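Q: Coordinates in model.txt, compact mmCIF, C-alpha atoms and all ligand atoms, are listed below.
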```txt
# COMPACT_ATOMS: atom_id res chain seq x y z
CA MET M 1 -54.58 49.45 -15.77
CA SER M 2 -55.56 48.64 -12.23
CA ILE M 3 -53.13 47.14 -9.73
CA LYS M 4 -53.85 43.41 -9.45
CA ILE M 5 -50.98 42.76 -7.08
CA PRO M 6 -50.80 45.70 -4.64
CA PHE M 7 -47.58 46.27 -2.71
CA GLY M 8 -49.47 46.21 0.57
CA ILE M 9 -53.04 46.38 1.79
CA PRO M 10 -54.49 46.47 5.31
CA MET M 11 -55.75 42.96 6.12
CA ILE M 12 -59.02 44.00 7.76
CA GLY M 13 -61.70 41.36 8.19
CA GLN M 14 -65.07 40.85 9.81
CA GLU M 15 -63.40 40.40 13.22
CA GLU M 16 -61.87 43.91 13.16
CA ARG M 17 -65.11 45.47 11.89
CA ALA M 18 -67.14 43.79 14.64
CA ALA M 19 -64.60 44.81 17.31
CA VAL M 20 -64.75 48.46 16.24
CA ALA M 21 -68.55 48.43 16.13
CA ASP M 22 -68.53 46.97 19.62
CA VAL M 23 -66.37 49.79 21.00
CA LEU M 24 -68.49 52.41 19.24
CA SER M 25 -71.68 51.10 20.79
CA GLY M 26 -70.26 51.46 24.30
CA PRO M 27 -69.37 54.53 26.40
CA ILE M 28 -65.56 54.15 26.60
CA LEU M 29 -63.49 55.44 23.68
CA VAL M 30 -60.20 56.09 25.51
CA HIS M 31 -58.67 55.10 28.87
CA GLY M 32 -60.39 51.75 28.62
CA PRO M 33 -59.84 48.02 28.76
CA LYS M 34 -59.06 47.55 25.04
CA ALA M 35 -55.73 49.40 25.12
CA THR M 36 -54.69 47.32 28.14
CA GLU M 37 -55.83 44.09 26.48
CA PHE M 38 -53.89 44.94 23.30
CA GLU M 39 -50.77 45.72 25.37
CA GLN M 40 -51.08 42.35 27.13
CA ALA M 41 -51.60 40.48 23.87
CA PHE M 42 -48.58 42.16 22.24
CA ALA M 43 -46.47 41.51 25.34
CA ARG M 44 -47.42 37.81 25.13
CA PHE M 45 -46.57 37.68 21.42
CA THR M 46 -43.11 39.21 21.94
CA ASP M 47 -42.54 37.78 25.44
CA ALA M 48 -41.97 41.35 26.68
CA PRO M 49 -42.16 42.20 30.41
CA ASN M 50 -43.78 45.57 29.59
CA ALA M 51 -45.74 46.93 26.62
CA ILE M 52 -47.07 50.48 26.21
CA SER M 53 -49.51 51.37 23.43
CA VAL M 54 -48.97 54.74 21.75
CA SER M 55 -50.51 56.73 18.92
CA SER M 56 -47.70 55.88 16.43
CA CYS M 57 -44.17 54.51 16.23
CA THR M 58 -42.84 58.06 15.81
CA ALA M 59 -44.70 59.17 18.95
CA GLY M 60 -43.27 56.20 20.87
CA MET M 61 -39.68 56.95 19.88
CA HIS M 62 -40.10 60.66 20.64
CA LEU M 63 -41.68 59.81 24.00
CA ILE M 64 -38.67 57.69 24.96
CA TYR M 65 -36.07 60.35 24.11
CA PHE M 66 -38.21 63.01 25.79
CA ALA M 67 -38.55 60.91 28.95
CA LEU M 68 -34.78 60.35 28.99
CA GLY M 69 -34.35 64.12 28.97
CA TYR M 70 -32.42 64.48 25.70
CA GLY M 71 -32.06 67.98 24.31
CA PRO M 72 -29.70 70.43 22.62
CA GLY M 73 -26.08 69.35 22.96
CA ASP M 74 -26.95 65.64 22.97
CA GLU M 75 -26.33 63.25 20.07
CA VAL M 76 -27.97 59.98 19.05
CA ILE M 77 -26.49 57.60 16.49
CA VAL M 78 -29.06 56.86 13.76
CA PRO M 79 -28.86 54.62 10.67
CA ALA M 80 -28.68 56.59 7.41
CA GLN M 81 -30.88 53.98 5.68
CA THR M 82 -34.22 54.16 7.50
CA HIS M 83 -37.58 55.94 7.61
CA VAL M 84 -37.17 59.63 8.40
CA ALA M 85 -39.09 59.04 11.65
CA THR M 86 -36.04 57.34 13.24
CA ALA M 87 -34.17 60.65 12.90
CA HIS M 88 -37.11 62.99 13.49
CA ALA M 89 -37.73 61.42 16.91
CA VAL M 90 -34.23 62.59 17.94
CA GLU M 91 -34.44 65.95 16.17
CA LEU M 92 -37.78 66.78 17.85
CA THR M 93 -36.05 66.85 21.25
CA GLY M 94 -33.38 69.31 20.08
CA ALA M 95 -30.72 66.60 20.12
CA ARG M 96 -28.75 65.83 16.96
CA PRO M 97 -28.96 62.63 14.93
CA VAL M 98 -25.49 61.43 13.87
CA PHE M 99 -25.89 59.20 10.83
CA VAL M 100 -24.02 55.94 10.20
CA ASP M 101 -23.99 54.23 6.79
CA ALA M 102 -25.51 50.81 6.04
CA GLU M 103 -23.54 47.63 5.41
CA PRO M 104 -24.00 46.34 1.85
CA GLU M 105 -25.03 42.72 2.49
CA ILE M 106 -28.51 43.27 3.99
CA GLY M 107 -28.72 47.03 4.48
CA ASN M 108 -28.68 47.22 8.26
CA ILE M 109 -26.53 49.77 10.12
CA ASP M 110 -22.81 49.07 9.63
CA ILE M 111 -21.90 48.06 13.17
CA SER M 112 -18.18 48.40 12.44
CA ARG M 113 -18.68 52.16 11.92
CA ILE M 114 -20.67 52.88 15.07
CA GLU M 115 -17.78 53.36 17.46
CA ALA M 116 -16.12 55.99 15.25
CA ALA M 117 -19.34 58.05 15.39
CA ILE M 118 -19.46 58.15 19.21
CA THR M 119 -18.44 61.46 20.84
CA PRO M 120 -18.59 62.71 24.44
CA ARG M 121 -22.07 64.08 23.57
CA THR M 122 -23.49 60.71 22.44
CA ARG M 123 -26.37 59.48 24.60
CA ALA M 124 -27.89 56.63 22.60
CA ILE M 125 -27.65 54.33 19.61
CA ALA M 126 -30.78 53.82 17.48
CA VAL M 127 -31.00 50.94 15.04
CA VAL M 128 -33.66 49.87 12.56
CA HIS M 129 -34.30 46.24 11.63
CA TYR M 130 -34.27 47.09 7.94
CA LEU M 131 -37.07 45.35 5.99
CA GLY M 132 -37.54 42.92 8.86
CA VAL M 133 -34.01 41.50 8.92
CA PRO M 134 -32.73 41.85 12.47
CA VAL M 135 -29.59 43.78 13.32
CA ASP M 136 -27.01 41.67 15.17
CA MET M 137 -28.04 43.23 18.48
CA PRO M 138 -25.52 41.57 20.85
CA ALA M 139 -22.75 43.35 18.91
CA VAL M 140 -24.55 46.71 19.15
CA VAL M 141 -25.35 46.25 22.84
CA ALA M 142 -21.69 45.40 23.59
CA ILE M 143 -20.61 48.76 22.10
CA ALA M 144 -23.37 50.59 23.97
CA ARG M 145 -22.41 49.04 27.32
CA ARG M 146 -18.76 50.03 26.81
CA HIS M 147 -19.80 53.66 26.33
CA ASN M 148 -22.78 53.68 28.70
CA LEU M 149 -25.34 54.42 25.96
CA PHE M 150 -29.07 53.73 25.69
CA VAL M 151 -30.12 51.46 22.79
CA LEU M 152 -33.42 52.10 20.96
CA GLU M 153 -34.64 49.56 18.39
CA ASP M 154 -36.91 50.93 15.67
CA CYS M 155 -39.04 47.80 15.21
CA ALA M 156 -41.54 49.34 12.77
CA LEU M 157 -40.83 46.53 10.29
CA SER M 158 -39.83 43.78 12.71
CA PRO M 159 -42.79 42.09 14.43
CA GLY M 160 -41.86 38.40 14.49
CA ALA M 161 -38.15 39.10 13.88
CA LYS M 162 -35.81 37.61 16.48
CA ILE M 163 -32.16 37.28 17.35
CA ASP M 164 -31.12 34.12 19.23
CA ASP M 165 -34.85 33.43 19.63
CA ILE M 166 -35.41 36.66 21.59
CA HIS M 167 -37.79 39.12 19.95
CA THR M 168 -36.44 42.33 18.41
CA GLY M 169 -37.03 45.23 20.79
CA LEU M 170 -35.87 43.27 23.84
CA HIS M 171 -32.13 43.28 23.10
CA GLY M 172 -31.60 47.01 23.49
CA ASP M 173 -33.29 49.13 26.16
CA ALA M 174 -36.58 49.64 24.28
CA GLY M 175 -38.21 48.68 20.97
CA VAL M 176 -40.96 50.57 19.16
CA PHE M 177 -43.39 49.05 16.63
CA SER M 178 -45.66 50.67 14.03
CA PHE M 179 -49.20 49.70 13.09
CA TYR M 180 -49.47 51.99 10.07
CA PRO M 181 -51.67 50.42 7.33
CA VAL M 182 -48.97 48.74 5.20
CA LYS M 183 -46.90 47.32 8.10
CA HIS M 184 -47.17 43.67 9.21
CA ILE M 185 -50.29 44.42 11.24
CA THR M 186 -52.30 47.63 11.46
CA THR M 187 -54.49 49.69 13.77
CA ALA M 188 -54.82 52.44 11.09
CA GLU M 189 -52.39 54.61 13.09
CA GLY M 190 -50.70 53.25 16.17
CA GLY M 191 -47.57 51.98 17.83
CA MET M 192 -46.26 49.92 20.73
CA ILE M 193 -43.21 50.23 22.96
CA ILE M 194 -41.78 47.10 24.58
CA LEU M 195 -39.09 47.16 27.26
CA ARG M 196 -37.76 45.41 30.34
CA ASP M 197 -37.17 48.35 32.71
CA GLY M 198 -40.15 48.84 35.06
CA ALA M 199 -39.10 52.32 36.24
CA LEU M 200 -38.79 53.60 32.68
CA THR M 201 -42.15 51.99 31.86
CA ALA M 202 -43.78 54.06 34.62
CA GLN M 203 -42.13 57.25 33.31
CA LEU M 204 -43.29 56.55 29.76
CA LYS M 205 -46.87 55.87 30.88
CA LEU M 206 -46.88 59.11 32.88
CA LYS M 207 -45.53 61.20 30.02
CA ARG M 208 -47.71 59.48 27.42
CA ALA M 209 -50.73 61.17 29.07
CA PHE M 210 -49.95 64.79 30.05
CA GLY M 211 -47.88 63.84 33.12
CA VAL M 212 -51.03 63.50 35.24
CA ASP M 213 -50.64 61.51 38.42
CA ARG M 214 -53.65 59.19 38.12
CA THR M 215 -55.62 57.55 35.32
CA HIS M 216 -59.42 57.73 35.09
CA GLY M 217 -59.75 54.47 36.97
CA GLU M 218 -57.51 55.70 39.80
CA ARG M 219 -59.44 58.92 40.49
CA LYS M 220 -61.38 58.82 43.77
CA ILE M 221 -63.22 62.02 42.92
CA PRO M 222 -64.04 62.20 39.18
CA GLY M 223 -62.17 64.94 37.36
CA VAL M 224 -59.70 65.57 40.18
CA TYR M 225 -56.00 64.95 39.54
CA ASP M 226 -52.63 66.65 39.72
CA THR M 227 -49.92 67.04 37.06
CA ILE M 228 -46.45 66.04 38.18
CA ALA M 229 -44.52 66.19 34.88
CA LEU M 230 -44.58 67.65 31.38
CA GLY M 231 -46.09 65.21 28.91
CA PHE M 232 -47.90 64.61 25.65
CA ASN M 233 -51.16 63.05 24.61
CA TYR M 234 -49.70 60.03 22.79
CA ARG M 235 -52.35 57.51 23.91
CA MET M 236 -53.97 54.89 21.67
CA SER M 237 -57.78 55.02 21.53
CA GLU M 238 -60.03 52.04 22.28
CA ILE M 239 -61.09 51.93 18.61
CA HIS M 240 -57.52 51.48 17.42
CA ALA M 241 -56.70 49.03 20.20
CA ALA M 242 -59.74 46.89 19.37
CA ILE M 243 -58.43 46.49 15.81
CA GLY M 244 -54.98 45.65 17.20
CA ILE M 245 -56.30 42.86 19.43
CA GLU M 246 -57.76 41.08 16.38
CA GLN M 247 -54.65 41.75 14.28
CA VAL M 248 -52.25 40.19 16.82
CA LYS M 249 -54.31 36.98 16.71
CA LYS M 250 -53.73 36.83 12.95
CA LEU M 251 -50.05 37.81 13.06
CA PRO M 252 -48.58 34.27 13.17
CA ARG M 253 -50.58 33.37 10.05
CA PHE M 254 -49.53 36.59 8.29
CA LEU M 255 -45.86 35.92 9.12
CA ALA M 256 -45.97 32.34 7.82
CA LYS M 257 -47.48 33.55 4.54
CA ARG M 258 -44.83 36.27 4.19
CA ALA M 259 -42.04 33.75 4.79
CA GLU M 260 -43.48 31.37 2.20
CA ASN M 261 -43.96 34.11 -0.40
CA HIS M 262 -40.47 35.51 0.23
CA ARG M 263 -38.84 32.09 -0.11
CA LEU M 264 -40.62 31.36 -3.37
CA LEU M 265 -40.01 34.76 -4.95
CA SER M 266 -36.31 34.67 -3.92
CA GLU M 267 -35.94 31.27 -5.59
CA LEU M 268 -37.63 32.48 -8.75
CA LEU M 269 -35.48 35.62 -8.98
CA HIS M 270 -32.26 33.87 -8.07
CA ARG M 271 -29.34 34.13 -10.50
CA ILE M 272 -30.90 36.66 -12.83
CA GLU M 273 -28.31 38.74 -14.63
CA GLY M 274 -28.11 42.37 -13.51
CA ILE M 275 -29.76 42.14 -10.09
CA ARG M 276 -29.11 40.97 -6.56
CA VAL M 277 -31.86 39.90 -4.15
CA LEU M 278 -31.31 41.05 -0.56
CA PRO M 279 -31.17 37.79 1.40
CA ALA M 280 -33.25 36.84 4.44
CA PRO M 281 -30.64 35.29 6.72
CA ALA M 282 -31.37 32.20 8.78
CA GLY M 283 -29.54 30.71 11.76
CA ARG M 284 -29.33 33.09 14.75
CA LEU M 285 -31.38 35.73 12.94
CA THR M 286 -35.10 35.24 12.23
CA SER M 287 -36.37 37.63 9.58
CA CYS M 288 -40.02 38.66 9.25
CA HIS M 289 -39.96 39.39 5.50
CA TYR M 290 -41.41 42.85 5.07
CA CYS M 291 -40.80 42.78 1.30
CA LEU M 292 -38.35 41.38 -1.22
CA SER M 293 -35.76 43.97 -2.17
CA VAL M 294 -34.01 43.71 -5.52
CA ILE M 295 -30.83 45.75 -6.04
CA LEU M 296 -30.11 46.72 -9.64
CA ASN M 297 -26.50 46.53 -10.78
CA ASP M 298 -24.82 49.84 -11.59
CA SER M 299 -25.35 49.26 -15.32
CA LEU M 300 -29.14 49.05 -14.79
CA ALA M 301 -29.42 51.77 -12.13
CA ASP M 302 -30.75 54.50 -14.40
CA LYS M 303 -33.44 52.12 -15.71
CA ARG M 304 -35.21 51.92 -12.35
CA PRO M 305 -38.04 54.36 -13.23
CA ILE M 306 -38.71 52.46 -16.49
CA ILE M 307 -38.74 49.11 -14.70
CA MET M 308 -41.09 50.37 -11.97
CA ASP M 309 -43.41 51.97 -14.55
CA ALA M 310 -43.49 48.69 -16.48
CA LEU M 311 -44.39 46.79 -13.29
CA THR M 312 -47.25 49.22 -12.65
CA ALA M 313 -48.43 48.86 -16.24
CA ARG M 314 -48.65 45.09 -15.69
CA GLY M 315 -50.64 45.54 -12.49
CA ILE M 316 -47.80 44.82 -10.08
CA GLY M 317 -47.26 47.16 -7.14
CA SER M 318 -43.71 48.02 -6.07
CA SER M 319 -42.07 50.57 -3.79
CA VAL M 320 -38.74 51.98 -2.63
CA TYR M 321 -37.41 51.50 0.91
CA TYR M 322 -36.31 54.12 1.67
CA PRO M 323 -36.34 56.82 -1.03
CA GLN M 324 -33.28 58.70 0.30
CA PRO M 325 -30.62 58.19 2.91
CA VAL M 326 -32.07 60.37 5.68
CA PRO M 327 -29.04 62.74 5.80
CA ARG M 328 -29.64 63.44 2.08
CA MET M 329 -33.26 64.48 2.66
CA ARG M 330 -33.65 68.21 2.22
CA TYR M 331 -34.42 69.09 5.83
CA TYR M 332 -31.32 67.29 7.12
CA ARG M 333 -29.12 68.24 4.17
CA GLU M 334 -29.85 71.93 4.65
CA LYS M 335 -29.45 71.80 8.41
CA TYR M 336 -26.32 69.65 8.73
CA GLY M 337 -24.79 69.52 5.23
CA TYR M 338 -24.38 66.27 3.32
CA ASP M 339 -21.17 64.38 2.55
CA PRO M 340 -22.13 61.72 -0.06
CA THR M 341 -18.92 59.76 0.49
CA ARG M 342 -20.04 58.90 4.03
CA PHE M 343 -23.33 57.27 2.97
CA ALA M 344 -22.46 55.48 -0.26
CA VAL M 345 -24.11 52.17 0.70
CA ALA M 346 -27.34 53.80 1.90
CA ALA M 347 -27.43 55.89 -1.29
CA ARG M 348 -27.04 52.78 -3.43
CA LEU M 349 -29.95 51.12 -1.61
CA SER M 350 -32.13 54.20 -2.05
CA ASP M 351 -31.24 54.79 -5.69
CA GLN M 352 -30.95 51.24 -7.05
CA SER M 353 -33.42 49.08 -5.13
CA ILE M 354 -36.97 48.00 -5.96
CA ALA M 355 -39.15 46.56 -3.22
CA LEU M 356 -41.49 43.79 -4.37
CA PRO M 357 -44.53 42.64 -2.39
CA VAL M 358 -44.67 39.38 -0.37
CA GLY M 359 -47.56 40.27 1.97
CA PRO M 360 -50.23 37.87 3.23
CA HIS M 361 -52.73 39.25 0.69
CA LEU M 362 -50.75 37.44 -2.04
CA SER M 363 -50.58 33.80 -3.13
CA ARG M 364 -47.95 31.52 -4.68
CA GLU M 365 -49.51 32.27 -8.07
CA HIS M 366 -48.95 35.97 -7.50
CA MET M 367 -45.26 35.33 -6.72
CA LYS M 368 -44.89 33.39 -9.97
CA GLU M 369 -46.54 36.19 -11.89
CA ILE M 370 -44.30 38.84 -10.32
CA ALA M 371 -41.17 36.83 -11.14
CA MET M 372 -42.25 36.12 -14.70
CA GLU M 373 -43.14 39.74 -15.45
CA PHE M 374 -40.02 41.05 -13.73
CA LYS M 375 -37.79 38.83 -15.87
CA LYS M 376 -39.56 39.91 -19.06
CA ILE M 377 -39.24 43.59 -18.14
CA LEU M 378 -35.51 43.21 -17.44
CA GLU M 379 -34.97 41.52 -20.81
CA GLU M 380 -36.82 44.35 -22.51
CA VAL M 381 -34.84 47.15 -20.89
CA VAL M 382 -31.36 45.65 -21.21
C1 LIG R 401 -43.18 53.22 9.05
C2 LIG R 401 -41.95 53.45 9.83
C3 LIG R 401 -41.93 54.38 10.90
C4 LIG R 401 -43.08 55.29 11.20
O1 LIG R 401 -44.10 54.65 11.86
P1 LIG R 401 -45.43 55.48 12.30
O2 LIG R 401 -46.22 54.50 13.09
O3 LIG R 401 -46.10 55.90 11.03
O4 LIG R 401 -44.97 56.64 13.12
C5 LIG R 401 -40.78 54.47 11.65
N1 LIG R 401 -39.70 53.72 11.37
C6 LIG R 401 -39.67 52.85 10.34
C7 LIG R 401 -38.45 52.05 10.08
C8 LIG R 401 -40.79 52.70 9.52
O5 LIG R 401 -40.75 51.86 8.47
```
What's the structure tokens form of this structure?

A:
Amino acid sequence: MSIKIPFGIPMIGQEERAAVADVLSGPILVHGPKATEFEQAFARFTDAPNAISVSSCTAGMHLIYFALGYGPGDEVIVPAQTHVATAHAVELTGARPVFVDAEPEIGNIDISRIEAAITPRTRAIAVVHYLGVPVDMPAVVAIARRHNLFVLEDCALSPGAKIDDIHTGLHGDAGVFSFYPVKHITTAEGGMIILRDGALTAQLKLKRAFGVDRTHGERKIPGVYDTIALGFNYRMSEIHAAIGIEQVKKLPRFLAKRAENHRLLSELLHRIEGIRVLPAPAGRLTSCHYCLSVILNDSLADKRPIIMDALTARGIGSSVYYPQPVPRMRYYREKYGYDPTRFAVAARLSDQSIALPVGPHLSREHMKEIAMEFKKILEEVV
């Protein structure tokens, strides 16, 4: 049976196709005006003083740690419940990720456990806004200031998510977004860093492009430049940026649809025996509703594969966010060892949750169908 209700699809329309065709019919494929225009549009959307386009969220996070000079002997605090990229960005520099468990209510990093993980080697705290629900950043920033630590926000799932009406990514020292196909908006591959610090912005731009001292536009004699630092090629191409410009225009509409779908599906799945729906908090925290996560009670936990297979059989896409606590993933387990007692909440989220779709490709009718089928499947497996 084909999937009628996919978990996520890239929302590419005529506007994106025309924008790409436009770039391809001109002479400039990189170093051009589209990347700058996309940066400005994203900065306006988030109200960020600085925005730097990069080739992916992972590249952006790695670039930041690299520019800060982290290496062997340094430690960065990382949530156990996240995409592996949050940890890899640290590991790639030679520094060590020190994992902190999630709190059970919404799955974000357990802020009450951060301070115990800080050592004299700690340089930074990384957080992820899990499934688009913002971390209570003022509490994290207060700890960081006490210990003189940098704060990186992994905003891969948080465009539109705010705390006290300030966009995620602007509470800590830098935030990094992802435009991978199933995120809130896409450029195929791509990412964006937002930050306040102008000096760090200049460093990141330098090291994003080989550490060369002038861009194409700044070269008096074509082809002549000097290299003043070690750096990567983590730039975003004009093709990707052109897609991004069109996607940012649509983002408010996408977010409204996600909020509406999430609200409806939460209502429909409310008070069902055997499950708990991860809430989207209101008040100071504005969520951006990446998906709706259902946590199975312990008694149903071993039924997850059956339930997910049954959803697929009925044409409903689902997923798992994220499939393992990162310290339990083989690479990290083998390198650092794994103590399951330290990551019990993250493990429960990985092993007992099912992510259901609420994306802008889906309607109210789809939400009703998901809820109806999900209830039937639960009755069948109990
Ligand atoms: C998807 C994701 C990433 C990776 O983003 P890329 O743009 O593919 O590098 C990083 N962190 C989180 C939390 C993600 O969900």

Q: Fewer than 3 positions away in the same chain doesn't count, so skip those; otherwise give me all residues within 8 Å of M:His129, counting all atoms listed in the file, as a PyMOL selection string.

A: chain M and resi 108+132-135+153-158

Q: Any residue with an atom at most 6 Å from ligand LIG 401 (chain R) counts, using only C-alpha atoms and all ligand atoms. Which are they? Put them as a ChimeraX atom specification.

A: /M:56-58,82-83,85-86,128,154,156-157,178-180,190-191

Q: Give the centre and edge lengths of an axis-aligned box, in Å to one decimal, that holds all listed atoms of stretch 266-277 of chain M with 4 Å on each side, as AutoDock Vina command-line options.

A:
```
--center_x -32.9 --center_y 36.8 --center_z -9.3 --size_x 17.5 --size_y 19.1 --size_z 18.7
```

Q: Name the closest residue to M:Glu246 among the candidates M:Ala41, M:Ile9, M:Ala67, M:Ala144; distances are taken between atoms, counting all atoms listed in the file.

A: M:Ala41

Q: Can you measure atom CA of M:Gln81 to atom CA of M:Cys291 for me? One decimal in Å is fine.

A: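 Distance between the two atoms: 15.6 Å.
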
Q: Take atom CA of M:Asp22 and atom CA of M:Phe177 and report the distance between them in Å, one decimal.

A: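 For atom CA of M:Asp22 relative to atom CA of M:Phe177, the distance reads 25.4 Å.
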
Q: Which one of M:Gly223, M:Gly231, M:Pro49, M:Gly337 sits closest to M:Ile194 if you count only C-alpha atoms?

A: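 Among the listed residues, the smallest separation from M:Ile194 belongs to M:Pro49.
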
Q: Using Å and a single decimal, report how far atom CA of M:His88 sits from atom CA of M:Gly198.

A: 26.0 Å

Q: Using all atoms listed in the file - which residues lie no farther than 10 Å from the point (-39.3, 62.1, 19.7) in the file's frame? Write them as a list of chain:residue names.

A: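 The requested residues, written out, are M:Cys57, M:Thr58, M:Ala59, M:Gly60, M:Met61, M:His62, M:Leu63, M:Ile64, M:Tyr65, M:Phe66, M:Ala67, M:Tyr70, M:Ala85, M:Thr86, M:Ala87, M:His88, M:Ala89, M:Val90, M:Glu91, M:Leu92, M:Thr93, M:Gly94, M:Ala95.
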
Q: When you count all atoms listed in the file, which of these residues is closest to M:Met11: M:Val76, M:Lys250, M:Thr119, M:Arg145?

A: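 Comparing M:Val76, M:Lys250, M:Thr119, M:Arg145 against M:Met11, the winner is M:Lys250.
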
Q: Quick one: residues within 12 Å of M:Pro159, all atoms listed in the file, excluding same-chain residues fewer than 5 positions away - as a VMD selection string?

A: chain M and resid 42 to 43 45 to 47 129 to 134 153 to 154 166 to 170 175 to 179 183 to 186 191 to 194 247 to 248 251 to 252 254 to 255 258 286 to 290

Q: Which one of M:Ile275, M:Val100, M:Leu378, M:Ile5 sits closest to M:Asp298 if you count all atoms listed in the file?

A: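 Of all the options, M:Ile275 lies closest to M:Asp298.
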
Q: Pick out the closest residue to M:Ala51 from this set: M:Ile77, M:Leu296, M:Ala344, M:Ala174. Count only C-alpha atoms.

A: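 With only C-alpha atoms as the atom set, the closest residue is M:Ala174.
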
Q: Check the smallest atom-to-atom distance from each of M:Ile239, M:Ala124, M:Asp309, M:Lys220 to M:Gly26 using all atoms listed in the file, then report the winner.

A: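 For M:Gly26, the nearest of the given residues is M:Ile239.
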
Q: Leaving out M:Thr187 and any residue of its chain fewer than 6 positions from it, which residues lie within 6 Å of it when counting all atoms listed in the file, given as a list in words?

A: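 Residues meeting the cut-off are Phe179, His240, Ile243 and Gly244 of chain M.
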
Q: Could you give me, as an MDAnalysis selection string, the residues that sit within 7 Å of (-29.5, 54.3, 20.0) in the file's coordinates, counting all atoms listed in the file?

A: chainID M and resid 76:78 124:127 150:152

Q: Identify, on the basis of only C-alpha atoms, every residue whose closest approach to M:Pro357 does not exceed 12 Å; exclude the query and any residue fewer than 2 positions from it along the same chain; express the result as a VMD selection string.

A: chain M and resid 4 to 9 131 182 to 184 257 to 259 261 to 262 264 to 266 289 to 294 311 316 to 321 354 to 355 359 to 364 366 to 371

Q: Could I get stretch 102-154 of chain M from the block written as a PDB file, in the first residue's frame, with C-alpha atoms?

A:
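And here is the file that came out, out-v7.pdb:
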```pdb
ATOM      1  CA  ALA M 102      16.334  14.783  28.932  1.00  0.00           C
ATOM      2  CA  GLU M 103      13.568  15.877  31.285  1.00  0.00           C
ATOM      3  CA  PRO M 104      10.451  13.699  30.953  1.00  0.00           C
ATOM      4  CA  GLU M 105       7.751  16.343  30.406  1.00  0.00           C
ATOM      5  CA  ILE M 106       8.700  17.565  26.900  1.00  0.00           C
ATOM      6  CA  GLY M 107      12.040  15.878  26.213  1.00  0.00           C
ATOM      7  CA  ASN M 108      14.336  18.889  26.277  1.00  0.00           C
ATOM      8  CA  ILE M 109      17.686  18.822  28.105  1.00  0.00           C
ATOM      9  CA  ASP M 110      17.208  18.488  31.882  1.00  0.00           C
ATOM     10  CA  ILE M 111      18.475  21.899  32.957  1.00  0.00           C
ATOM     11  CA  SER M 112      18.701  20.794  36.594  1.00  0.00           C
ATOM     12  CA  ARG M 113      21.438  18.306  35.601  1.00  0.00           C
ATOM     13  CA  ILE M 114      23.618  20.668  33.577  1.00  0.00           C
ATOM     14  CA  GLU M 115      25.644  22.131  36.416  1.00  0.00           C
ATOM     15  CA  ALA M 116      26.713  18.689  37.691  1.00  0.00           C
ATOM     16  CA  ALA M 117      28.165  17.928  34.231  1.00  0.00           C
ATOM     17  CA  ILE M 118      30.392  21.035  34.156  1.00  0.00           C
ATOM     18  CA  THR M 119      34.122  20.444  34.759  1.00  0.00           C
ATOM     19  CA  PRO M 120      37.170  22.723  34.493  1.00  0.00           C
ATOM     20  CA  ARG M 121      37.453  21.529  30.860  1.00  0.00           C
ATOM     21  CA  THR M 122      33.915  22.596  29.870  1.00  0.00           C
ATOM     22  CA  ARG M 123      33.842  25.315  27.201  1.00  0.00           C
ATOM     23  CA  ALA M 124      30.230  25.383  26.036  1.00  0.00           C
ATOM     24  CA  ILE M 125      26.677  24.184  26.535  1.00  0.00           C
ATOM     25  CA  ALA M 126      24.747  22.972  23.470  1.00  0.00           C
ATOM     26  CA  VAL M 127      20.982  22.595  23.589  1.00  0.00           C
ATOM     27  CA  VAL M 128      18.440  21.371  21.052  1.00  0.00           C
ATOM     28  CA  HIS M 129      14.880  22.683  20.879  1.00  0.00           C
ATOM     29  CA  TYR M 130      13.487  19.165  20.750  1.00  0.00           C
ATOM     30  CA  LEU M 131      10.687  18.763  18.176  1.00  0.00           C
ATOM     31  CA  GLY M 132      10.278  22.535  18.058  1.00  0.00           C
ATOM     32  CA  VAL M 133       9.495  23.079  21.738  1.00  0.00           C
ATOM     33  CA  PRO M 134      11.919  25.701  23.015  1.00  0.00           C
ATOM     34  CA  VAL M 135      14.292  25.060  25.885  1.00  0.00           C
ATOM     35  CA  ASP M 136      13.863  27.554  28.743  1.00  0.00           C
ATOM     36  CA  MET M 137      16.914  29.498  27.567  1.00  0.00           C
ATOM     37  CA  PRO M 138      17.146  32.165  30.305  1.00  0.00           C
ATOM     38  CA  ALA M 139      17.772  29.338  32.798  1.00  0.00           C
ATOM     39  CA  VAL M 140      20.487  27.808  30.584  1.00  0.00           C
ATOM     40  CA  VAL M 141      22.111  31.173  29.901  1.00  0.00           C
ATOM     41  CA  ALA M 142      22.208  31.959  33.642  1.00  0.00           C
ATOM     42  CA  ILE M 143      24.222  28.762  34.267  1.00  0.00           C
ATOM     43  CA  ALA M 144      26.510  29.514  31.317  1.00  0.00           C
ATOM     44  CA  ARG M 145      27.225  33.057  32.507  1.00  0.00           C
ATOM     45  CA  ARG M 146      28.113  31.784  35.999  1.00  0.00           C
ATOM     46  CA  HIS M 147      30.702  29.443  34.491  1.00  0.00           C
ATOM     47  CA  ASN M 148      31.767  31.636  31.563  1.00  0.00           C
ATOM     48  CA  LEU M 149      30.573  29.178  28.896  1.00  0.00           C
ATOM     49  CA  PHE M 150      29.486  29.655  25.281  1.00  0.00           C
ATOM     50  CA  VAL M 151      25.883  28.618  24.493  1.00  0.00           C
ATOM     51  CA  LEU M 152      25.041  27.029  21.120  1.00  0.00           C
ATOM     52  CA  GLU M 153      21.391  26.434  20.205  1.00  0.00           C
ATOM     53  CA  ASP M 154      20.750  23.614  17.733  1.00  0.00           C
TER      54      ASP M 154
END
```
